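In what follows, a single structure is set out as structure tokens and then discussed.
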Amino acid sequence: MKKHIVKGYKNGFILVEGIIGTIISFEAILIVFLIFSSFKNSPNNNMISFYRYLNLIESDHFNFKLKSIHENNVQFFSEKENKLYRLEKYKNMIRLTGESLGHVPLILNVKDVKWSGSSQNCRTKVVFENGQKYSANSRF
């Protein structure tokens, strides 16, 4: 009986190639998973969320005017939209709501938030679930 050997290959070489290919593929998948999980848990995400929040409330897109400020919520009037908006902490987020229906989550993973200020200034103090603290003064 003749053995069929593919020219240039020895017995078992294809099996070894398959095992090595599987190991390399597994390691590539693991690296991609670790990269995405590090982005999700990055402390910089909290800082970015906080500055996005400030960018929105201070932007000319809505042209907010401070209507009332309390420790647990803030009310704005948008001159461009001719509409009343409210910032408040809801569960573990700060959200922006209109007068009726729906909300936009602005900052996630919030442990505590306090607003204070006067008729033209609003001070926001945010404490995140991981202990990070940010505060800023906004002028309207």
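Chain labels follow the order of the structure tokens: the first chain is A, the next B, and so on; residue numbering restarts at 1 in every chain, and ligands are counted from 1 in their shown order.
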Practice task
Please identify all polymer residues within 9 Å of Arg95 of chain A, counting only C-alpha atoms, omitting same-chain residues fewer than 5 positions from it, and present them as a PyMOL selection string.
Solution key: chain A and resi 86-90+103-108
Handout entry: For Leu84 of chain A: contacts at 9 Å, only C-alpha atoms, fewer than 6 positions along chain excluded, given as a list in words
Key =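 Neighbouring residues, sequence-local ones excluded: Lys67, Gln75, Phe76, Phe77, Ser78, Thr97, Gly98 and Glu99 of chain A.
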Handout entry: Proximity to Cys122 of chain A - best of A:Ile29, A:Ile35, A:Ile24, A:Ile69, only C-alpha atoms
Key = A:Ile69
Practice task
Per DSSP on the backbone, filter chain A down to the residues in helix (DSSP H, G or I) and report them as a PyMOL selection string.
Solution key: chain A and resi 13-40+44-58
Write the residues of the preceding selection, restricted to C-alpha atoms, as an mmCIF file, in the first residue's frame.
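In the end it all went to result.cif:
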```cif
data_model
loop_
_atom_site.group_PDB
_atom_site.id
_atom_site.type_symbol
_atom_site.label_atom_id
_atom_site.label_comp_id
_atom_site.auth_asym_id
_atom_site.auth_seq_id
_atom_site.Cartn_x
_atom_site.Cartn_y
_atom_site.Cartn_z
ATOM 1 C CA PHE A 13 2.277 19.412 9.536
ATOM 2 C CA ILE A 14 -1.214 20.598 8.588
ATOM 3 C CA LEU A 15 -2.464 19.698 12.099
ATOM 4 C CA VAL A 16 0.296 21.783 13.705
ATOM 5 C CA GLU A 17 -0.524 24.709 11.385
ATOM 6 C CA GLY A 18 -4.179 24.490 12.432
ATOM 7 C CA ILE A 19 -3.338 24.477 16.146
ATOM 8 C CA ILE A 20 -0.973 27.458 15.799
ATOM 9 C CA GLY A 21 -3.552 29.350 13.722
ATOM 10 C CA THR A 22 -6.210 28.706 16.381
ATOM 11 C CA ILE A 23 -3.920 29.950 19.167
ATOM 12 C CA ILE A 24 -3.052 33.125 17.247
ATOM 13 C CA SER A 25 -6.734 33.780 16.468
ATOM 14 C CA PHE A 26 -7.662 33.296 20.143
ATOM 15 C CA GLU A 27 -4.957 35.735 21.250
ATOM 16 C CA ALA A 28 -6.115 38.334 18.693
ATOM 17 C CA ILE A 29 -9.712 38.067 19.944
ATOM 18 C CA LEU A 30 -8.499 38.381 23.546
ATOM 19 C CA ILE A 31 -6.478 41.523 22.733
ATOM 20 C CA VAL A 32 -9.457 43.168 21.007
ATOM 21 C CA PHE A 33 -11.696 42.303 23.975
ATOM 22 C CA LEU A 34 -9.192 43.779 26.447
ATOM 23 C CA ILE A 35 -8.872 46.982 24.418
ATOM 24 C CA PHE A 36 -12.648 47.513 24.350
ATOM 25 C CA SER A 37 -13.040 46.731 28.058
ATOM 26 C CA SER A 38 -10.295 49.231 28.932
ATOM 27 C CA PHE A 39 -12.148 51.977 27.003
ATOM 28 C CA LYS A 40 -15.352 51.185 28.856
ATOM 29 C CA ASN A 44 -11.223 59.665 31.357
ATOM 30 C CA ASN A 45 -14.740 58.791 30.195
ATOM 31 C CA ASN A 46 -16.133 60.571 33.256
ATOM 32 C CA MET A 47 -14.141 63.695 32.520
ATOM 33 C CA ILE A 48 -15.203 63.627 28.859
ATOM 34 C CA SER A 49 -18.853 63.185 29.859
ATOM 35 C CA PHE A 50 -18.636 66.111 32.267
ATOM 36 C CA TYR A 51 -17.133 68.431 29.658
ATOM 37 C CA ARG A 52 -19.693 67.332 27.056
ATOM 38 C CA TYR A 53 -22.395 68.226 29.570
ATOM 39 C CA LEU A 54 -20.860 71.686 30.059
ATOM 40 C CA ASN A 55 -20.512 72.138 26.316
ATOM 41 C CA LEU A 56 -24.206 71.399 25.811
ATOM 42 C CA ILE A 57 -25.609 73.628 28.529
ATOM 43 C CA GLU A 58 -23.313 76.530 27.623
#
```
Problem - Close residues, segment 123-129 of chain A itself excluded, 6 Å, only C-alpha atoms, min 5 positions apart in chain, as a VMD selection string - result: chain A and resid 109 to 117 134 to 137
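Note that atom CA of Ser100 of chain A and atom CA of His70 of chain A are 19.9 Å apart.
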Exercise for the section: Go through A:Glu79, A:Ser118, A:Ser138, A:Lys133 and flag the residue nearest Phe64 of chain A, using only C-alpha atoms for the distances. Expected result: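 For Phe64 of chain A, the nearest of the candidates is A:Glu79.
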